[in-house]
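With PDB, C-alpha atoms and all ligand atoms inside, this is entry.pdb:
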```pdb
ATOM      1  CA  MET G  19      90.928  30.777 -68.274  1.00  0.00           C
ATOM      2  CA  LYS G  20      88.822  28.444 -66.172  1.00  0.00           C
ATOM      3  CA  GLY G  21      85.303  28.317 -67.489  1.00  0.00           C
ATOM      4  CA  LYS G  22      85.389  31.838 -68.831  1.00  0.00           C
ATOM      5  CA  ASP G  23      85.196  31.106 -72.522  1.00  0.00           C
ATOM      6  CA  ARG G  24      81.671  31.257 -73.897  1.00  0.00           C
ATOM      7  CA  ARG G  25      82.715  30.850 -77.515  1.00  0.00           C
ATOM      8  CA  ASN G  26      81.694  27.237 -77.926  1.00  0.00           C
ATOM      9  CA  GLY G  27      81.201  27.084 -81.649  1.00  0.00           C
ATOM     10  CA  ILE G  28      79.667  23.635 -81.541  1.00  0.00           C
ATOM     11  CA  GLY G  29      76.780  24.863 -79.542  1.00  0.00           C
ATOM     12  CA  ASN G  30      77.185  22.788 -76.440  1.00  0.00           C
ATOM     13  CA  ARG G  31      75.014  24.478 -73.866  1.00  0.00           C
ATOM     14  CA  ILE G  32      74.879  24.533 -70.137  1.00  0.00           C
ATOM     15  CA  ALA G  33      72.180  25.717 -67.868  1.00  0.00           C
ATOM     16  CA  VAL G  34      72.197  25.664 -64.126  1.00  0.00           C
ATOM     17  CA  THR G  35      69.571  26.104 -61.529  1.00  0.00           C
ATOM     18  CA  VAL G  36      70.253  26.722 -57.889  1.00  0.00           C
ATOM     19  CA  ALA G  37      67.042  26.354 -55.908  1.00  0.00           C
ATOM     20  CA  ALA G  38      64.411  28.316 -57.808  1.00  0.00           C
ATOM     21  CA  CYS G  39      66.857  30.492 -59.666  1.00  0.00           C
ATOM     22  CA  VAL G  40      67.826  29.716 -63.253  1.00  0.00           C
ATOM     23  CA  ALA G  41      70.978  31.188 -64.705  1.00  0.00           C
ATOM     24  CA  PHE G  42      73.282  30.501 -67.576  1.00  0.00           C
ATOM     25  CA  ALA G  43      76.958  29.875 -67.019  1.00  0.00           C
ATOM     26  CA  LEU G  44      78.579  32.963 -65.642  1.00  0.00           C
ATOM     27  CA  LEU G  45      81.735  34.598 -66.840  1.00  0.00           C
ATOM     28  CA  MET G  46      82.981  35.154 -63.321  1.00  0.00           C
ATOM     29  CA  ALA G  47      81.811  35.357 -59.740  1.00  0.00           C
ATOM     30  CA  VAL G  48      79.821  38.440 -58.832  1.00  0.00           C
ATOM     31  CA  PRO G  49      81.392  40.347 -55.912  1.00  0.00           C
ATOM     32  CA  ALA G  50      79.836  39.703 -52.511  1.00  0.00           C
ATOM     33  CA  MET G  51      76.936  42.003 -51.664  1.00  0.00           C
ATOM     34  CA  ALA G  52      76.174  43.125 -48.124  1.00  0.00           C
ATOM     35  CA  ALA G  53      72.731  43.418 -46.546  1.00  0.00           C
ATOM     36  CA  ASP G  54      72.145  44.928 -43.108  1.00  0.00           C
ATOM     37  CA  ASN G  55      69.183  44.220 -40.829  1.00  0.00           C
ATOM     38  CA  GLN G  56      68.199  46.077 -37.651  1.00  0.00           C
ATOM     39  CA  GLY G  57      65.118  46.153 -35.445  1.00  0.00           C
ATOM     40  CA  PHE G  58      63.801  49.108 -33.455  1.00  0.00           C
ATOM     41  CA  GLY G  59      60.735  49.834 -31.322  1.00  0.00           C
ATOM     42  CA  ASP G  60      59.361  51.495 -28.220  1.00  0.00           C
ATOM     43  CA  ILE G  61      57.876  50.849 -24.791  1.00  0.00           C
ATOM     44  CA  ALA G  62      54.487  52.491 -24.312  1.00  0.00           C
ATOM     45  CA  GLY G  63      55.270  54.718 -27.220  1.00  0.00           C
ATOM     46  CA  ASP G  64      58.631  55.869 -25.847  1.00  0.00           C
ATOM     47  CA  GLY G  65      61.369  54.995 -28.278  1.00  0.00           C
ATOM     48  CA  ASP G  66      64.040  56.169 -25.862  1.00  0.00           C
ATOM     49  CA  SER G  67      63.081  53.311 -23.514  1.00  0.00           C
ATOM     50  CA  LEU G  68      64.155  50.712 -26.039  1.00  0.00           C
ATOM     51  CA  THR G  69      67.419  50.837 -27.866  1.00  0.00           C
ATOM     52  CA  ASN G  70      67.689  49.660 -31.448  1.00  0.00           C
ATOM     53  CA  SER G  71      68.912  46.156 -32.005  1.00  0.00           C
ATOM     54  CA  ASN G  72      72.405  45.459 -33.122  1.00  0.00           C
ATOM     55  CA  ILE G  73      72.900  45.581 -36.891  1.00  0.00           C
ATOM     56  CA  PHE G  74      73.110  42.096 -38.392  1.00  0.00           C
ATOM     57  CA  SER G  75      74.991  41.931 -41.695  1.00  0.00           C
ATOM     58  CA  LEU G  76      74.885  39.114 -44.202  1.00  0.00           C
ATOM     59  CA  PHE G  77      76.549  38.860 -47.581  1.00  0.00           C
ATOM     60  CA  THR G  78      75.555  37.139 -50.806  1.00  0.00           C
ATOM     61  CA  THR G  79      77.686  35.922 -53.650  1.00  0.00           C
ATOM     62  CA  THR G  80      76.866  34.256 -56.969  1.00  0.00           C
ATOM     63  CA  MET G  81      78.375  30.852 -57.663  1.00  0.00           C
ATOM     64  CA  SER G  82      80.010  30.125 -61.017  1.00  0.00           C
ATOM     65  CA  LEU G  83      79.536  27.094 -63.237  1.00  0.00           C
ATOM     66  CA  ASN G  84      82.704  26.168 -65.119  1.00  0.00           C
ATOM     67  CA  LYS G  85      83.414  23.778 -67.975  1.00  0.00           C
ATOM     68  CA  MET G  86      86.682  22.113 -68.981  1.00  0.00           C
ATOM     69  CA  ALA G  87      87.573  19.556 -71.651  1.00  0.00           C
ATOM     70  CA  PHE G  88      90.404  17.020 -71.732  1.00  0.00           C
ATOM     71  CA  LEU G  89      91.782  14.370 -74.028  1.00  0.00           C
ATOM     72  CA  ALA G  90      91.884  10.810 -72.724  1.00  0.00           C
ATOM     73  CA  ASN G  91      95.596  11.246 -71.908  1.00  0.00           C
ATOM     74  CA  GLY G  92      94.810  14.166 -69.595  1.00  0.00           C
ATOM     75  CA  THR G  93      95.748  17.019 -71.940  1.00  0.00           C
ATOM     76  CA  GLN G  94      93.494  19.984 -71.211  1.00  0.00           C
ATOM     77  CA  LEU G  95      91.860  21.444 -74.312  1.00  0.00           C
ATOM     78  CA  THR G  96      91.168  25.094 -74.998  1.00  0.00           C
ATOM     79  CA  SER G  97      87.829  26.138 -76.437  1.00  0.00           C
ATOM     80  CA  GLY G  98      88.094  26.421 -80.208  1.00  0.00           C
ATOM     81  CA  SER G  99      90.494  23.501 -80.629  1.00  0.00           C
ATOM     82  CA  THR G 100      90.121  21.336 -83.752  1.00  0.00           C
ATOM     83  CA  LEU G 101      90.014  17.581 -83.196  1.00  0.00           C
ATOM     84  CA  ALA G 102      89.813  14.599 -85.518  1.00  0.00           C
ATOM     85  CA  ARG G 103      86.481  12.821 -85.661  1.00  0.00           C
ATOM     86  CA  GLY G 104      86.485   9.865 -83.349  1.00  0.00           C
ATOM     87  CA  THR G 105      88.573  11.646 -80.694  1.00  0.00           C
ATOM     88  CA  GLU G 106      87.473  10.973 -77.141  1.00  0.00           C
ATOM     89  CA  VAL G 107      86.886  14.080 -75.068  1.00  0.00           C
ATOM     90  CA  ARG G 108      86.235  14.175 -71.338  1.00  0.00           C
ATOM     91  CA  PHE G 109      84.076  17.095 -70.305  1.00  0.00           C
ATOM     92  CA  VAL G 110      84.148  18.317 -66.727  1.00  0.00           C
ATOM     93  CA  ILE G 111      81.664  20.769 -65.252  1.00  0.00           C
ATOM     94  CA  TYR G 112      82.368  22.063 -61.773  1.00  0.00           C
ATOM     95  CA  ILE G 113      81.266  24.505 -59.106  1.00  0.00           C
ATOM     96  CA  ASP G 114      83.714  25.815 -56.509  1.00  0.00           C
ATOM     97  CA  ASN G 115      81.619  26.503 -53.419  1.00  0.00           C
ATOM     98  CA  THR G 116      83.764  29.142 -51.749  1.00  0.00           C
ATOM     99  CA  THR G 117      81.246  29.741 -48.955  1.00  0.00           C
ATOM    100  CA  ASN G 118      81.185  28.182 -45.489  1.00  0.00           C
ATOM    101  CA  PHE G 119      77.725  26.750 -46.171  1.00  0.00           C
ATOM    102  CA  PRO G 120      76.411  23.983 -48.418  1.00  0.00           C
ATOM    103  CA  LEU G 121      74.665  24.706 -51.717  1.00  0.00           C
ATOM    104  CA  ASN G 122      71.403  22.839 -51.515  1.00  0.00           C
ATOM    105  CA  ASP G 123      69.343  21.648 -54.459  1.00  0.00           C
ATOM    106  CA  VAL G 124      71.696  22.488 -57.325  1.00  0.00           C
ATOM    107  CA  SER G 125      70.814  21.406 -60.865  1.00  0.00           C
ATOM    108  CA  VAL G 126      72.937  21.458 -64.014  1.00  0.00           C
ATOM    109  CA  ARG G 127      71.886  20.731 -67.596  1.00  0.00           C
ATOM    110  CA  ASP G 128      74.152  20.187 -70.607  1.00  0.00           C
ATOM    111  CA  VAL G 129      72.510  19.586 -73.989  1.00  0.00           C
ATOM    112  CA  LEU G 130      75.035  17.965 -76.305  1.00  0.00           C
ATOM    113  CA  ASP G 131      75.460  19.164 -79.845  1.00  0.00           C
ATOM    114  CA  SER G 132      75.199  16.375 -82.436  1.00  0.00           C
ATOM    115  CA  ALA G 133      78.978  16.591 -82.884  1.00  0.00           C
ATOM    116  CA  PHE G 134      79.325  14.950 -79.470  1.00  0.00           C
ATOM    117  CA  ALA G 135      78.306  11.324 -78.971  1.00  0.00           C
ATOM    118  CA  TYR G 136      77.840  10.663 -75.266  1.00  0.00           C
ATOM    119  CA  GLN G 137      79.597   7.488 -74.120  1.00  0.00           C
ATOM    120  CA  ALA G 138      77.181   5.379 -72.134  1.00  0.00           C
ATOM    121  CA  GLY G 139      78.064   4.783 -68.525  1.00  0.00           C
ATOM    122  CA  SER G 140      80.793   7.425 -68.392  1.00  0.00           C
ATOM    123  CA  MET G 141      79.344   9.797 -65.776  1.00  0.00           C
ATOM    124  CA  LYS G 142      81.340  10.377 -62.588  1.00  0.00           C
ATOM    125  CA  VAL G 143      80.876  12.930 -59.833  1.00  0.00           C
ATOM    126  CA  ASP G 144      83.028  14.068 -56.928  1.00  0.00           C
ATOM    127  CA  ASP G 145      82.580  16.532 -54.080  1.00  0.00           C
ATOM    128  CA  THR G 146      85.611  15.693 -51.964  1.00  0.00           C
ATOM    129  CA  ILE G 147      87.971  18.400 -53.235  1.00  0.00           C
ATOM    130  CA  ALA G 148      88.637  21.467 -51.082  1.00  0.00           C
ATOM    131  CA  SER G 149      87.577  24.839 -52.464  1.00  0.00           C
ATOM    132  CA  GLY G 150      90.294  26.613 -54.405  1.00  0.00           C
ATOM    133  CA  ALA G 151      91.755  23.520 -56.027  1.00  0.00           C
ATOM    134  CA  THR G 152      93.405  23.904 -59.416  1.00  0.00           C
ATOM    135  CA  GLU G 153      91.621  22.645 -62.509  1.00  0.00           C
ATOM    136  CA  ALA G 154      94.317  19.974 -62.895  1.00  0.00           C
ATOM    137  CA  VAL G 155      93.505  18.643 -59.420  1.00  0.00           C
ATOM    138  CA  ILE G 156      89.770  18.810 -60.075  1.00  0.00           C
ATOM    139  CA  TYR G 157      90.162  16.828 -63.289  1.00  0.00           C
ATOM    140  CA  SER G 158      92.519  14.210 -61.889  1.00  0.00           C
ATOM    141  CA  THR G 159      90.313  13.674 -58.851  1.00  0.00           C
ATOM    142  CA  VAL G 160      86.989  13.270 -60.640  1.00  0.00           C
ATOM    143  CA  ASN G 161      88.627  11.251 -63.422  1.00  0.00           C
ATOM    144  CA  ALA G 162      89.979   8.812 -60.823  1.00  0.00           C
ATOM    145  CA  VAL G 163      86.560   8.162 -59.281  1.00  0.00           C
ATOM    146  CA  ALA G 164      85.989   4.434 -59.651  1.00  0.00           C
ATOM    147  CA  THR G 165      82.205   4.375 -59.591  1.00  0.00           C
ATOM    148  CA  THR G 166      80.133   5.643 -62.487  1.00  0.00           C
ATOM    149  CA  LEU G 167      76.537   6.795 -62.094  1.00  0.00           C
ATOM    150  CA  SER G 168      73.724   5.213 -64.042  1.00  0.00           C
ATOM    151  CA  ASP G 169      72.632   7.011 -67.199  1.00  0.00           C
ATOM    152  CA  VAL G 170      68.962   6.491 -66.408  1.00  0.00           C
ATOM    153  CA  VAL G 171      66.900   8.794 -64.237  1.00  0.00           C
ATOM    154  CA  ASP G 172      66.976   7.206 -60.788  1.00  0.00           C
ATOM    155  CA  ALA G 173      68.092   7.931 -57.243  1.00  0.00           C
ATOM    156  CA  ASP G 174      71.635   8.992 -58.113  1.00  0.00           C
ATOM    157  CA  VAL G 175      72.191  12.654 -58.971  1.00  0.00           C
ATOM    158  CA  ALA G 176      72.830  12.432 -62.721  1.00  0.00           C
ATOM    159  CA  SER G 177      71.330  11.102 -65.937  1.00  0.00           C
ATOM    160  CA  ALA G 178      72.117  11.109 -69.642  1.00  0.00           C
ATOM    161  CA  VAL G 179      69.051  10.570 -71.793  1.00  0.00           C
ATOM    162  CA  GLY G 180      69.399  11.226 -75.511  1.00  0.00           C
ATOM    163  CA  VAL G 181      71.556  14.319 -75.878  1.00  0.00           C
ATOM    164  CA  THR G 182      70.718  15.791 -72.499  1.00  0.00           C
ATOM    165  CA  ILE G 183      72.892  15.501 -69.416  1.00  0.00           C
ATOM    166  CA  GLU G 184      70.921  16.355 -66.300  1.00  0.00           C
ATOM    167  CA  VAL G 185      72.315  16.647 -62.805  1.00  0.00           C
ATOM    168  CA  GLY G 186      70.100  17.316 -59.826  1.00  0.00           C
ATOM    169  CA  ASP G 187      66.321  17.150 -59.764  1.00  0.00           C
ATOM    170  CA  GLN G 188      65.089  20.467 -61.124  1.00  0.00           C
ATOM    171  CA  ASN G 189      64.301  19.115 -64.609  1.00  0.00           C
ATOM    172  CA  VAL G 190      64.072  15.340 -64.132  1.00  0.00           C
ATOM    173  CA  ALA G 191      63.636  13.057 -61.130  1.00  0.00           C
ATOM    174  CA  ASN G 192      67.313  12.479 -60.380  1.00  0.00           C
ATOM    175  CA  GLY G 193      68.490  12.565 -56.792  1.00  0.00           C
ATOM    176  CA  GLN G 194      68.964  15.998 -55.271  1.00  0.00           C
ATOM    177  CA  LEU G 195      72.434  17.494 -55.616  1.00  0.00           C
ATOM    178  CA  ASP G 196      73.900  19.316 -52.617  1.00  0.00           C
ATOM    179  CA  VAL G 197      77.410  20.768 -52.710  1.00  0.00           C
ATOM    180  CA  PRO G 198      79.253  20.703 -49.370  1.00  0.00           C
ATOM    181  CA  ALA G 199      80.633  23.894 -47.840  1.00  0.00           C
ATOM    182  CA  ASN G 200      84.113  24.957 -48.955  1.00  0.00           C
ATOM    183  CA  SER G 201      84.180  22.226 -51.582  1.00  0.00           C
ATOM    184  CA  VAL G 202      84.411  21.733 -55.314  1.00  0.00           C
ATOM    185  CA  TRP G 203      81.688  19.653 -56.918  1.00  0.00           C
ATOM    186  CA  ALA G 204      82.498  18.205 -60.346  1.00  0.00           C
ATOM    187  CA  VAL G 205      80.905  15.938 -62.928  1.00  0.00           C
ATOM    188  CA  LEU G 206      82.863  14.220 -65.704  1.00  0.00           C
ATOM    189  CA  PHE G 207      81.517  12.443 -68.771  1.00  0.00           C
ATOM    190  CA  ARG G 208      83.045  11.196 -71.992  1.00  0.00           C
ATOM    191  CA  VAL G 209      82.028  11.910 -75.577  1.00  0.00           C
ATOM    192  CA  LEU G 210      83.362  10.961 -78.993  1.00  0.00           C
ATOM    193  CA  MET G 211      83.696  13.663 -81.637  1.00  0.00           C
ATOM    194  CA  GLN G 212      81.450  12.864 -84.617  1.00  0.00           C
TER     195      GLN G 212
HETATM  196 CA    CA G 301      71.267   8.066 -62.862  1.00  0.00          CA
HETATM  197 CA    CA G 302      65.038  20.411 -56.480  1.00  0.00          CA
END
```

In structure tokens, how does this file's structure come out?
Amino acid sequence: MKGKDRRNGIGNRIAVTVAACVAFALLMAVPAMAADNQGFGDIAGDGDSLTNSNIFSLFTTTMSLNKMAFLANGTQLTSGSTLARGTEVRFVIYIDNTTNFPLNDVSVRDVLDSAFAYQAGSMKVDDTIASGATEAVIYSTVNAVATTLSDVVDADVASAVGVTIEVGDQNVANGQLDVPANSVWAVLFRVLMQ
């Protein structure tokens, strides 16, 4: 179920940008695509005098942005749950970088519906978890981070201004967000249901 449910009736929206590309949250990872590259030529016009280069293959894959929600006691919520007004919810957005290379210059945006009141000073991030971790481990790790980021736009990677959570520097002048190779990056913030 992780991150695959788009039916968020309260209209909470996520957008992500990786480098120059903008994409909405994906249902699932796109299978890896292969691309081959090979050079060939000649010597004095004689192609037989110069063999073709080896074929160099590279693969691409699309990363997925995932969202989870938890109660303050750690109970994971399913999308569509009904909560009493005043309930604290901890949202977690994460990317599992399954590649052997870092993701450079990632940005994430989450515009909160008016039913969610962002709790000032509640933003935490973590990128220390190995790729493939369970959602329970991702939540418990980022929830246990002791240091919160500032809500203002400054040198750290995240901000919460009005109803808009911004991570990375594509839309505002936060610090740049890079996700290490073979690692999960996660952000957690708290809201109260209105
Ligand atoms: Ca900040
Ligand atoms: Ca950037």

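Across G:Ala52, G:Ala178, G:Val107, G:Met141, the tightest approach to Gln94 (chain G) is made by G:Val107 when counting only C-alpha atoms.
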
**Message:** To check your reading of the model: which residues sit at most 6 Å from ligand CA 301 (chain G) when counting all atoms listed in the file? Write the answer as a PyMOL selection string.
**Reply:** chain G and resi 167-172+174+176-177

**Item:** Distance query region 156-165 of chain G at most 9 Å, all atoms listed in the file, self and fewer than 6 positions along chain excluded, as JSON, numbers by chain
**Value:** {"G": [86, 88, 92, 108, 110, 112, 141, 142, 143, 144, 145, 146, 147, 202, 203, 204, 205, 206, 207]}

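You can rank G:Thr96, G:Asn118, G:Ser149, G:Ser125 by their closest distance to ligand CA 302 (chain G) using all atoms listed in the file, and at the top of that list sits G:Ser125.
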
**Message:** Neighbouring residues of ligand CA 302 (chain G) are defined here as those with any atom at most 6 Å from a ligand atom, counting all atoms listed in the file; list them as a ChimeraX atom specification.
**Reply:** /G:123,187-188

**Request:** Point out the residue among G:Ala138, G:Leu89, G:Met81, G:Val181 with the least atom-to-atom distance to Phe109 (chain G), counting all atoms listed in the file.
**Result:** G:Leu89

**Item:** Nearest to Val129 (chain G), chosen from G:Gly180, G:Gly59, G:Pro198, G:Gly193, with only C-alpha atoms counted in the distances
**Value:**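 Looking at the shortest contact to Val129 (chain G), the residue is G:Gly180.
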
**Asked** Of the residues G:Ala151, G:Leu76, G:Val197, G:Val209, which is the one nearest to Met51 (chain G), using all atoms listed in the file?
**Response**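 Between G:Ala151, G:Leu76, G:Val197, G:Val209, the residue approaching Met51 (chain G) most closely is G:Leu76.
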
**Request:** Return as a list in words the set of residues that the PyMOL selection byres (((chain G and resi 195) around 6) and not hetatm) yields on the displayed structure.
**Result:** Asp123, Val124, Val175, Gly186, Gln194 and Asp196 of chain G

**Prompt:** For Asp114 (chain G), which residue out of G:Met211, G:Ala133, G:Leu83, G:Ile73 is the nearest one, using only C-alpha atoms?
**Reply:** G:Leu83

**Request:** Apply the PyMOL selection byres (((chain G and resi 56) around 8) and not hetatm) to the file shown and report the selected residues as a PyMOL selection string.
**Result:** chain G and resi 54-55+57-58+70-74

**Request:** On this file, the PyMOL selection byres (((chain G and resi 212) around 8) and not hetatm) gives some set of residues; write that set as a PyMOL selection string.
**Result:** chain G and resi 103-104+132-135+210-211

**Who sits within 7 Å of Ala199 (chain G), all atoms listed in the file, same chain under 3 positions skipped, as an MDAnalysis selection string** = chainID G and resid 115 117:120

**CA of Asn84 (chain G) to CA of Val155 (chain G), straight-line distance in Å** =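 Separating CA of Val155 (chain G) from CA of Asn84 (chain G) is a distance of 14.3 Å.
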
**Message:** So the first atom is CA of Leu121 (chain G) and the second is CA of Arg208 (chain G); what is the distance between them in Å, to one decimal place?
**Reply:**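 About the pair CA of Leu121 (chain G) and CA of Arg208 (chain G): they are 25.8 Å apart.
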
Report as JSON the centre and the edge lengths, in Å to one decimal, of the axis-aligned box holding every listed atom of region 150-166 of chain G, padded by 4 Å on each side.
```
{"center_x": 87.2, "center_y": 15.5, "center_z": -58.9, "size_x": 22.2, "size_y": 30.2, "size_z": 17.0}
```

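Straight-line separation from CA of Thr80 (chain G) to CA of Ala53 (chain G): 14.5 Å.
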